[in-house]
$ cat model_25.cif   # mmCIF, C-alpha atoms
data_input
#
loop_
_atom_site.label_atom_id
_atom_site.label_comp_id
_atom_site.auth_asym_id
_atom_site.auth_seq_id
_atom_site.Cartn_x
_atom_site.Cartn_y
_atom_site.Cartn_z
CA MET A 1 38.45 27.22 6.68
CA TRP A 2 37.04 25.01 9.47
CA SER A 3 37.42 27.81 12.00
CA VAL A 4 35.12 30.06 9.99
CA SER A 5 31.76 30.63 11.69
CA ASP A 6 28.55 29.22 10.25
CA ASP A 7 27.26 32.75 9.61
CA ALA A 8 30.41 33.66 7.69
CA LEU A 9 30.06 30.55 5.55
CA VAL A 10 26.51 31.53 4.64
CA ALA A 11 27.72 35.02 3.77
CA GLY A 12 30.36 33.47 1.50
CA LEU A 13 27.74 31.19 -0.01
CA ALA A 14 25.61 34.22 -0.85
CA THR A 15 28.45 35.83 -2.77
CA GLY A 16 29.12 32.69 -4.82
CA ASP A 17 32.44 31.86 -3.13
CA ARG A 18 33.18 28.27 -4.14
CA ASP A 19 35.46 27.60 -1.16
CA ALA A 20 32.72 28.75 1.19
CA ALA A 21 30.21 26.53 -0.62
CA SER A 22 32.53 23.55 -0.34
CA ALA A 23 33.13 24.12 3.37
CA PHE A 24 29.41 24.68 3.94
CA VAL A 25 28.48 21.37 2.32
CA ARG A 26 31.26 19.51 4.11
CA ARG A 27 30.24 20.94 7.49
CA PHE A 28 26.55 20.14 7.28
CA GLN A 29 26.19 17.22 4.91
CA ARG A 30 25.97 14.56 7.63
CA ARG A 31 23.21 16.42 9.43
CA VAL A 32 21.28 17.24 6.27
CA PHE A 33 21.53 13.74 4.86
CA GLY A 34 20.78 12.21 8.27
CA LEU A 35 17.58 14.23 8.67
CA ALA A 36 16.48 13.53 5.09
CA ARG A 37 17.16 9.81 5.55
CA THR A 38 15.21 9.76 8.81
CA ILE A 39 12.14 11.24 7.14
CA VAL A 40 12.12 9.59 3.71
CA GLY A 41 13.49 6.19 4.72
CA ASP A 42 15.75 5.41 1.75
CA ASP A 43 19.20 6.53 0.65
CA ARG A 44 18.40 7.51 -2.92
CA THR A 45 15.51 9.84 -2.11
CA ALA A 46 17.42 11.17 0.87
CA GLU A 47 20.35 12.11 -1.35
CA ASP A 48 18.03 13.93 -3.77
CA VAL A 49 16.44 15.81 -0.90
CA ALA A 50 19.80 16.66 0.69
CA GLN A 51 21.18 17.91 -2.60
CA GLU A 52 18.13 20.08 -3.22
CA ALA A 53 18.36 21.43 0.34
CA PHE A 54 21.88 22.71 -0.33
CA VAL A 55 20.76 24.25 -3.62
CA ARG A 56 17.89 26.04 -1.83
CA ALA A 57 20.26 27.23 0.89
CA TRP A 58 22.59 28.59 -1.76
CA LYS A 59 19.72 30.36 -3.56
CA HIS A 60 18.39 31.93 -0.36
CA ALA A 61 21.70 32.52 1.47
CA GLY A 62 21.37 36.23 0.83
CA SER A 63 18.12 36.40 2.79
CA TYR A 64 19.32 34.33 5.77
CA ASP A 65 18.72 36.30 8.97
CA PRO A 66 20.83 35.15 11.97
CA ARG A 67 18.38 36.85 14.36
CA ARG A 68 15.77 34.26 13.43
CA GLY A 69 17.85 31.21 14.32
CA SER A 70 21.09 29.37 13.79
CA VAL A 71 22.41 28.39 10.39
CA VAL A 72 22.00 24.70 11.09
CA ALA A 73 18.39 25.13 12.27
CA TRP A 74 17.65 27.16 9.12
CA LEU A 75 19.25 24.55 6.87
CA LEU A 76 17.53 21.65 8.60
CA THR A 77 14.15 23.37 8.35
CA ILE A 78 14.65 23.61 4.59
CA THR A 79 15.64 19.94 4.54
CA ARG A 80 12.69 18.89 6.64
CA ASN A 81 10.17 20.68 4.43
CA LEU A 82 11.64 19.19 1.26
CA ALA A 83 11.75 15.71 2.74
CA ILE A 84 8.15 15.85 3.93
CA ASP A 85 7.10 17.09 0.52
CA SER A 86 8.87 14.24 -1.27
CA VAL A 87 7.30 11.62 0.97
CA ARG A 88 3.86 13.13 0.57
CA VAL A 89 4.17 13.12 -3.20
CA ARG A 90 5.57 9.60 -3.36
CA ARG A 91 3.05 7.93 -1.07
CA PRO A 92 0.71 8.76 1.77
CA LEU A 93 2.68 9.52 4.90
CA ALA A 94 3.26 6.37 6.87
CA MET A 95 4.57 6.25 10.37
CA GLU A 96 8.29 5.74 10.71
CA PRO A 97 8.70 4.09 14.10
CA SER A 98 12.45 3.95 13.62
CA VAL A 99 12.62 7.68 14.23
CA ILE A 100 11.17 7.36 17.68
CA VAL A 101 13.35 4.36 18.39
CA ASP A 102 16.39 6.38 17.34
CA LEU A 103 15.38 9.18 19.67
CA ASP A 104 15.04 6.74 22.54
CA ARG A 105 18.44 5.31 21.77
CA MET A 106 20.04 8.72 21.45
CA SER A 107 18.69 9.89 24.78
CA ASP A 108 20.19 6.82 26.43
CA GLU A 109 23.57 7.11 24.76
CA ARG A 110 25.01 9.41 27.38
CA ASP A 111 24.08 10.46 30.83
CA ALA A 112 21.58 13.30 30.66
CA HIS A 113 23.72 15.52 32.86
CA GLU A 114 26.69 15.01 30.54
CA LEU A 115 24.60 15.95 27.51
CA VAL A 116 23.38 19.14 29.16
CA GLN A 117 26.95 20.04 29.99
CA LEU A 118 27.72 19.94 26.27
CA GLY A 119 25.83 23.21 26.22
CA ASP A 120 24.21 23.15 22.81
CA ASP A 121 20.63 23.07 21.67
CA THR A 122 20.90 19.61 20.20
CA ALA A 123 21.95 18.07 23.51
CA ARG A 124 19.28 19.96 25.42
CA LEU A 125 16.59 18.91 22.97
CA ARG A 126 17.64 15.27 23.19
CA VAL A 127 17.50 15.29 26.96
CA ALA A 128 14.18 17.14 26.98
CA LEU A 129 12.68 14.75 24.45
CA GLY A 130 13.87 11.78 26.46
CA ARG A 131 12.11 13.17 29.51
CA LEU A 132 8.75 13.66 27.80
CA PRO A 133 5.98 11.11 28.30
CA GLU A 134 5.95 8.66 25.39
CA ASP A 135 2.64 9.88 23.95
CA GLN A 136 3.78 13.52 23.90
CA ARG A 137 7.18 12.66 22.43
CA ARG A 138 5.55 10.60 19.71
CA ALA A 139 3.08 13.38 18.86
CA VAL A 140 5.68 16.14 18.65
CA VAL A 141 8.09 13.99 16.62
CA LEU A 142 5.36 12.96 14.20
CA ALA A 143 4.37 16.59 13.70
CA GLY A 144 7.74 18.29 14.00
CA LEU A 145 9.92 15.85 12.11
CA LEU A 146 7.56 13.91 9.89
CA GLY A 147 5.02 16.63 9.07
CA TYR A 148 1.86 15.00 10.40
CA THR A 149 -1.02 17.29 11.30
CA ALA A 150 -2.84 16.92 14.60
CA ARG A 151 -5.78 15.50 12.70
CA GLU A 152 -3.60 12.83 11.05
CA ILE A 153 -2.04 11.93 14.39
CA GLY A 154 -5.46 11.67 15.96
CA GLU A 155 -6.68 9.35 13.22
CA MET A 156 -3.53 7.23 13.32
CA ASP A 157 -3.54 6.79 17.08
CA GLY A 158 -7.30 6.64 17.48
CA ILE A 159 -7.45 9.64 19.78
CA PRO A 160 -9.66 12.78 19.63
CA LEU A 161 -8.30 15.74 17.69
CA GLY A 162 -8.23 17.81 20.87
CA THR A 163 -6.06 15.21 22.60
CA ALA A 164 -3.60 15.16 19.70
CA LYS A 165 -3.39 18.95 19.80
CA THR A 166 -2.89 18.97 23.55
CA ARG A 167 -0.06 16.44 23.31
CA ILE A 168 1.72 18.47 20.64
CA ARG A 169 1.23 21.75 22.48
CA THR A 170 2.34 20.39 25.87
CA ALA A 171 5.41 18.74 24.37
CA LEU A 172 6.40 21.88 22.50
CA ILE A 173 6.00 24.06 25.59
CA ARG A 174 8.12 21.63 27.64
CA LEU A 175 10.83 21.54 24.98
CA ARG A 176 10.88 25.30 24.82
CA ALA A 177 11.04 25.56 28.61
CA ALA A 178 13.97 23.13 28.65
CA LEU A 179 15.87 25.24 26.15
CA VAL A 180 15.27 28.44 28.08
CA VAL A 181 16.05 26.95 31.51
CA GLU A 182 19.31 25.46 30.32
CA GLU A 183 20.28 28.75 28.68
CA HIS A 184 19.73 30.55 31.98
CA THR A 185 21.83 28.06 33.94
CA GLU A 186 24.87 28.45 31.70
CA MET B 1 6.23 35.03 31.05
CA SER B 2 6.60 31.48 29.75
CA ALA B 3 4.87 30.04 26.72
CA ASP B 4 2.43 28.02 28.82
CA GLU B 5 1.52 31.03 30.93
CA ARG B 6 1.24 33.13 27.81
CA GLY B 7 -1.01 30.46 26.28
CA ALA B 8 -3.55 31.01 29.01
CA SER B 9 -3.29 34.77 29.32
CA GLY B 10 -3.62 37.68 26.97
CA VAL B 11 -6.50 35.93 25.22
CA SER B 12 -8.92 38.70 24.40
CA GLY B 13 -11.41 37.07 22.07
CA SER B 14 -12.29 34.15 19.82
CA GLY B 15 -9.55 35.17 17.38
CA CYS B 16 -6.94 34.86 20.12
CA GLN B 17 -8.39 31.56 21.26
CA GLN B 18 -8.29 30.17 17.73
CA ALA B 19 -4.72 31.41 17.25
CA ARG B 20 -3.54 29.85 20.53
CA ASP B 21 -5.24 26.60 19.63
CA ALA B 22 -3.53 26.50 16.23
CA ALA B 23 -0.19 27.97 17.35
CA PRO B 24 1.68 24.67 17.91
CA GLU B 25 0.81 23.37 14.45
CA LEU B 26 1.61 26.76 12.91
CA ALA B 27 4.99 26.75 14.66
CA LEU B 28 5.71 23.22 13.45
CA GLY B 29 4.76 24.10 9.87
CA VAL B 30 1.90 21.63 9.58
CA LEU B 31 -1.01 24.05 9.65
CA ALA B 32 -2.43 24.61 6.19
CA GLY B 33 -5.33 25.97 4.25
CA ALA B 34 -7.99 28.32 5.51
CA GLU B 35 -7.09 27.82 9.17
CA ARG B 36 -3.50 28.91 8.54
CA ALA B 37 -4.67 31.97 6.64
CA GLU B 38 -7.13 32.97 9.36
CA VAL B 39 -4.47 32.64 12.06
CA LEU B 40 -1.98 34.67 10.02
CA ILE B 41 -4.53 37.45 9.63
CA HIS B 42 -5.09 37.47 13.39
CA LEU B 43 -1.35 37.49 14.11
CA GLY B 44 -1.00 40.50 11.86
CA HIS B 45 -2.62 42.67 14.51
CA CYS B 46 -2.22 40.77 17.81
CA LEU B 47 1.16 41.19 19.50
CA PRO B 48 0.52 38.79 22.45
CA CYS B 49 -0.38 35.99 20.02
CA GLN B 50 2.66 36.82 17.89
CA ALA B 51 4.87 36.45 20.98
CA TYR B 52 3.24 33.14 21.87
CA VAL B 53 3.80 31.72 18.38
CA ALA B 54 7.37 33.03 18.35
CA GLU B 55 8.19 31.15 21.54
CA LEU B 56 6.77 27.90 20.25
CA THR B 57 8.55 28.39 16.93
CA GLU B 58 11.84 28.61 18.77
CA ALA B 59 11.40 25.05 20.01
CA ALA B 60 9.87 23.81 16.77
CA ASP B 61 12.79 25.08 14.68
CA ALA B 62 15.25 23.33 16.96
CA LEU B 63 13.47 19.97 16.72
CA PRO B 64 15.14 18.75 13.49
CA LEU B 65 18.48 19.09 15.30
CA VAL B 66 17.84 15.81 17.10
CA ALA B 67 17.71 13.71 13.94
CA PRO B 68 20.64 11.31 13.78
CA GLU B 69 23.58 12.29 11.59
CA ARG B 70 24.50 9.99 8.74
CA GLU B 71 27.33 9.93 6.21
CA PRO B 72 25.98 10.62 2.71
CA PRO B 73 26.98 8.38 -0.21
CA ALA B 74 30.48 8.81 -1.67
CA GLY B 75 30.79 11.75 -4.06
CA PHE B 76 27.85 13.64 -2.54
CA GLU B 77 29.81 16.84 -1.95
CA ASP B 78 31.14 16.88 -5.52
CA ARG B 79 27.66 16.39 -6.96
CA VAL B 80 26.25 19.24 -4.87
CA LEU B 81 29.07 21.58 -5.86
CA ALA B 82 28.64 20.68 -9.53
CA THR B 83 24.94 21.58 -9.25
CA LEU B 84 25.81 24.89 -7.60
CA ASP B 85 28.37 25.63 -10.33
CA ASP B 86 25.68 25.06 -12.97
CA GLY B 87 23.33 27.28 -11.04
CA THR B 88 25.93 30.04 -10.76
CA ARG B 89 26.36 30.11 -14.51
CA SER B 90 22.62 30.24 -15.19
CA ARG B 91 22.19 32.89 -12.48
CA ARG B 92 24.75 35.10 -14.27
CA ARG B 93 22.76 34.67 -17.48
CA ARG B 94 19.57 35.66 -15.66
CA TRP B 95 21.26 38.81 -14.35
CA VAL B 96 21.97 39.92 -17.89
CA ALA B 97 18.37 39.23 -18.86
CA SER B 98 17.03 41.02 -15.78
CA ILE B 99 18.74 44.26 -16.80
CA ALA B 100 16.70 44.26 -19.99
CA VAL B 101 13.54 43.41 -18.04
CA ALA B 102 14.24 46.20 -15.54
CA ALA B 103 14.52 48.69 -18.37
CA ALA B 104 11.19 47.48 -19.75
CA ALA B 105 9.62 47.63 -16.28
CA ALA B 106 10.79 51.23 -15.86
CA ALA B 107 9.11 52.12 -19.13
CA ILE B 108 5.87 50.42 -18.05
CA LEU B 109 5.99 52.16 -14.67
CA SER B 110 6.30 55.58 -16.30
CA ILE B 111 3.27 54.79 -18.46
CA THR B 112 1.30 53.69 -15.37
CA ILE B 113 2.17 56.89 -13.49
CA VAL B 114 0.87 58.95 -16.41
CA ARG B 115 -2.38 56.96 -16.34
CA VAL B 116 -2.80 57.49 -12.60
CA ILE B 117 -2.27 61.25 -13.03
CA ASP B 118 -4.77 61.27 -15.88
CA ALA B 119 -7.30 59.55 -13.68
CA GLY B 120 -6.78 62.04 -10.87
CA SER B 121 -9.79 64.24 -11.68
CA GLU B 122 -12.18 61.32 -12.04
CA PRO B 123 -12.30 58.28 -9.73
CA SER B 124 -11.27 55.13 -11.53
CA ALA B 125 -13.57 52.15 -11.89
CA VAL B 126 -11.54 50.35 -9.26
CA GLN B 127 -11.89 53.11 -6.70
CA SER B 128 -15.57 53.77 -7.27
CA ASN B 129 -16.70 50.16 -7.13
CA VAL B 130 -14.97 49.04 -3.96
CA THR B 131 -17.44 47.53 -1.50
CA ALA B 132 -15.24 45.42 0.71
CA PRO B 133 -16.96 43.11 3.23
CA ALA B 134 -15.19 42.48 6.55
CA VAL B 135 -13.63 39.19 5.49
CA MET B 136 -13.40 37.78 1.99
CA ARG B 137 -12.03 34.46 0.94
CA ALA B 138 -10.83 32.88 -2.29
CA ARG B 139 -9.92 29.30 -2.96
CA MET B 140 -6.72 29.32 -4.98
CA VAL B 141 -6.80 26.93 -7.93
CA SER B 142 -3.89 25.77 -10.04
CA ASP B 143 -4.11 27.16 -13.58
CA ARG B 144 -2.41 24.06 -14.91
CA SER B 145 -4.28 21.24 -13.18
CA GLY B 146 -7.42 22.96 -11.92
CA ASP B 147 -6.77 21.50 -8.47
CA PRO B 148 -7.21 23.60 -5.31
CA VAL B 149 -3.81 24.60 -3.94
CA GLY B 150 -4.56 27.08 -1.16
CA TRP B 151 -6.55 29.99 0.21
CA ALA B 152 -6.47 33.75 0.21
CA HIS B 153 -8.16 35.79 2.93
CA VAL B 154 -8.72 39.53 2.80
CA SER B 155 -9.80 41.48 5.85
CA GLY B 156 -11.09 45.06 5.75
CA GLY B 157 -10.38 45.40 2.05
CA HIS B 158 -6.60 45.63 2.56
CA ALA B 159 -5.15 43.00 4.95
CA VAL B 160 -4.23 39.96 2.90
CA ALA B 161 -3.14 36.49 4.03
CA LEU B 162 -2.28 33.96 1.37
CA THR B 163 -1.30 30.34 1.90
CA VAL B 164 -0.49 27.78 -0.74
CA SER B 165 0.28 24.16 0.02
CA TYR B 166 1.36 21.62 -2.60
CA GLY B 167 0.87 21.57 -6.31
CA LEU B 168 3.24 24.34 -7.40
CA GLU B 169 6.83 24.42 -8.52
CA GLY B 170 9.24 25.89 -6.00
CA GLY B 171 10.29 29.47 -6.58
CA ASN B 172 9.36 33.09 -6.16
CA TYR B 173 6.01 34.41 -7.34
CA ASP B 174 4.44 37.83 -7.54
CA ILE B 175 1.07 38.27 -5.83
CA GLU B 176 -1.30 40.10 -8.11
CA VAL B 177 -4.70 41.64 -7.35
CA ARG B 178 -6.97 41.84 -10.38
CA PRO B 179 -10.01 44.06 -9.90
CA PRO B 180 -13.17 43.34 -11.92
CA SER B 181 -12.25 46.31 -14.05
CA GLY B 182 -8.98 48.12 -14.19
CA ASP B 183 -5.37 47.04 -14.16
CA ALA B 184 -3.83 44.26 -12.13
CA VAL B 185 -1.61 45.40 -9.25
CA VAL B 186 1.31 43.48 -7.77
CA ILE B 187 0.98 43.75 -3.97
CA GLY B 188 3.94 41.61 -2.91
CA ASP B 189 5.91 38.48 -3.63
CA MET B 190 6.04 35.07 -2.04
CA THR B 191 8.59 32.27 -1.92
CA TYR B 192 7.14 28.79 -2.33
CA GLU B 193 9.43 26.02 -1.18
CA GLY B 194 9.12 22.73 0.59
CA ALA B 195 5.54 22.54 -0.67
CA GLN B 196 4.53 25.58 1.32
CA GLY B 197 4.28 29.28 0.79
CA SER B 198 2.54 31.98 2.72
CA TRP B 199 2.37 35.74 2.69
CA ALA B 200 0.63 38.25 4.90
CA GLY B 201 0.63 41.96 4.24
CA THR B 202 -1.33 45.01 3.31
CA SER B 203 -2.52 45.80 -0.16
CA PRO B 204 -1.81 49.38 -1.22
CA VAL B 205 -5.04 49.33 -3.21
CA PRO B 206 -8.49 48.51 -1.82
CA ILE B 207 -9.64 45.03 -2.78
CA ASP B 208 -13.14 44.42 -4.10
CA ALA B 209 -15.20 41.32 -3.32
CA ARG B 210 -15.13 40.33 -7.00
CA SER B 211 -11.40 40.74 -7.42
CA ASP B 212 -9.10 37.91 -8.37
CA ILE B 213 -5.91 37.16 -6.48
CA ALA B 214 -3.25 35.38 -8.48
CA LEU B 215 0.28 34.08 -8.16
CA VAL B 216 2.29 34.86 -11.27
CA ARG B 217 5.83 34.18 -12.25
CA PRO B 218 7.98 37.26 -11.64
CA ARG B 219 8.03 40.17 -14.04
CA GLY B 220 4.69 39.52 -15.69
CA GLY B 221 5.13 35.81 -16.29
CA ASP B 222 2.52 33.06 -16.44
CA THR B 223 -0.24 32.78 -13.87
CA VAL B 224 0.27 29.62 -11.82
CA CYS B 225 -2.83 29.83 -9.63
CA HIS B 226 -5.65 32.22 -8.90
CA GLY B 227 -8.90 32.60 -7.01
CA THR B 228 -11.89 34.94 -7.01
CA LEU B 229 -12.73 36.59 -3.71
CA ASP B 230 -16.12 36.16 -2.17
CA VAL B 231 -17.61 36.97 1.20
CA ALA B 232 -16.37 34.46 3.78
CA ARG B 233 -19.15 32.56 5.48
#

$ encode --input "model_25.cif" --output "structure tokens"
Amino acid sequence: MWSVSDDALVAGLATGDRDAASAFVRRFQRRVFGLARTIVGDDRTAEDVAQEAFVRAWKHAGSYDPRRGSVVAWLLTITRNLAIDSVRVRRPLAMEPSVIVDLDRMSDERDAHELVQLGDDTARLRVALGRLPEDQRRAVVLAGLLGYTAREIGEMDGIPLGTAKTRIRTALIRLRAALVVEEHTE
Amino acid sequence: MSADERGASGVSGSGCQQARDAAPELALGVLAGAERAEVLIHLGHCLPCQAYVAELTEAADALPLVAPEREPPAGFEDRVLATLDDGTRSRRRRWVASIAVAAAAAAILSITIVRVIDAGSEPSAVQSNVTAPAVMRARMVSDRSGDPVGWAHVSGGHAVALTVSYGLEGGNYDIEVRPPSGDAVVIGDMTYEGAQGSWAGTSPVPIDARSDIALVRPRGGDTVCHGTLDVAR
């Protein structure tokens, strides 16, 4: 079962195949729970979010379109949206500095060249994030992982709205360029 | 052409400029309300801006991949599978119910077709009263709480962009246009999840400035939110 592709697992999920569902959960639960925990900050809420993410994936497996992105990116986007929603309902969004600290740590864990050689989007993103200026990395993580708007980032960091937007835009363009460049060098 | 080059080129007007300005937040899923709706309307007819947003979305969608992995609590997999098993059983029950609903819908559709044919020799109230301004806007309000939950924008009497953020239960909803007189028409459906739902498309019927737009539970269920269109200022 572990050799089955991600796309095939989603197809099995859509048909109600219990073995496929079990393998799907087992394959992605660490990533889903890890992302939920990063955003919401506590285990109990993170487990609720992660569980609901798998239920949503199961409900919408039939409409998953591989042309629009990988299975894991699709699943993590569902998780991210649910996690942001739960935090927003529970309390006003507060900054989670640990996320940025984790990203710093992750980018230092291995030599950047070694990570790029791993040849997957995750490694490329980590390297590219590590290379961004701190203010851009912070802005894009706050928006992309924690769901802050440019206006909220501007207010939090005491910077003009235009500056917050520029930081997000520049960071996103650099991350995208890193993905494309590394794809072309493979 | 790269995203940064594209960001500076192909800009042909204020709509493009606004879309490029908002594109990063749109790609990251944090753009909401009227601004999101306006950008979606623009993207509906601007291919260069669509391409720009698509490129940024590629990076934005990959961003959650960098979150650290973590082992969930013991028994997590079993609890998820138990929830899915429950859902499978209830989904089977819904399938049985939907067959009955489909039969009813077919009957309603046949009645509607007869009414349209009957109206063929004389323009209906809906058709004769349409005076659609260039851009109309409606603030969507929750029918349960009365709180604002989103915006609908209509351009040229047909192009519709609807965004709803927060305040609704997750699920699928039909999008209904309710003219001041005449029957309501379902123009599409929208999935609301993760506290966000959006839809952009073309209404098969012209939309009047005094029309209501509503989200209703599928197959003629309750209205969850609605708004009355007015000329956007």

$ resolve_selection --input "model_25.cif" --expression "the PyMOL selection byres ((chain B) within 9 of (chain A))" --output "PyMOL selection string"
chain B and resi 2-4+21-25+27-31+55-73+76-81+83-85+87-88+166+193-196

$ residues_around --input "model_25.cif" --residues "Glu152 in chain A" --least-positions-apart "6" --cutoff "10 Å" --atoms "all atoms listed in the file" --output "NGL selection string"
:A and (93 or 142-143 or 158 or 161 or 164)

$ write_last_selection --input "model_25.cif" --atoms "C-alpha atoms" --output "short mmCIF file (atom, residue, chain, number, x, y, z; two decimals), in the frame of the given file"
data_model
loop_
_atom_site.label_atom_id
_atom_site.label_comp_id
_atom_site.auth_asym_id
_atom_site.auth_seq_id
_atom_site.Cartn_x
_atom_site.Cartn_y
_atom_site.Cartn_z
CA LEU A 93 2.68 9.52 4.90
CA LEU A 142 5.36 12.96 14.20
CA ALA A 143 4.37 16.59 13.70
CA GLY A 158 -7.30 6.64 17.48
CA LEU A 161 -8.30 15.74 17.69
CA ALA A 164 -3.60 15.16 19.70
#

$ atom_distance --input "model_25.cif" --atom1 "CA of Ser181 in chain B" --atom2 "CA of Cys225 in chain B"
19.5 Å

$ resolve_selection --input "model_25.cif" --expression "the PyMOL selection byres ((chain B and resi 209) around 6)" --output "list in words"
Ala132, Asp208, Arg210, Ser211, Leu229 and Asp230 of chain B

$ resolve_selection --input "model_25.cif" --expression "the PyMOL selection byres ((chain B and resi 190) around 7)" --output "list in words"
Asn172, Tyr173, Asp174, Gly188, Asp189, Thr191, Tyr192, Gly197, Ser198 and Trp199 of chain B

$ atom_distance --input "model_25.cif" --atom1 "CA of Gly75 in chain B" --atom2 "CA of Val87 in chain A"
24.0 Å

$ residues_around --input "model_25.cif" --residues "His45 in chain B" --least-positions-apart "6" --cutoff "12 Å" --atoms "only C-alpha atoms" --output "PyMOL selection string"
chain B and resi 15-16+19+38-39+51+155+159+200-202

$ closest_residue --input "model_25.cif" --among "B:Leu168, B:Ala184, B:Ala54, B:Ala37" --to "Arg144 in chain B" --atoms "only C-alpha atoms"
B:Leu168

$ atom_distance --input "model_25.cif" --atom1 "CA of Met140 in chain B" --atom2 "CA of His226 in chain B"
5.0 Å

$ closest_residue --input "model_25.cif" --among "B:Cys46, B:Ala214, B:Ala161, B:Val53" --to "Ala34 in chain B" --atoms "all atoms listed in the file"
B:Ala161

$ residues_near_point --input "model_25.cif" --point "(26.3, 34.0, 1.7)" --cutoff "10 Å" --atoms "all atoms listed in the file" --output "list in words"
Asp7, Ala8, Leu9, Val10, Ala11, Gly12, Leu13, Ala14, Thr15, Gly16, Asp17, Ala20, Ala21, Ala57, Trp58, Lys59, His60, Ala61, Gly62, Ser63 and Tyr64 of chain A

$ residues_near_point --input "model_25.cif" --point "(-12.2, 35.8, -10.1)" --cutoff "6 Å" --atoms "all atoms listed in the file" --output "PyMOL selection string"
chain B and resi 211-212+227-228
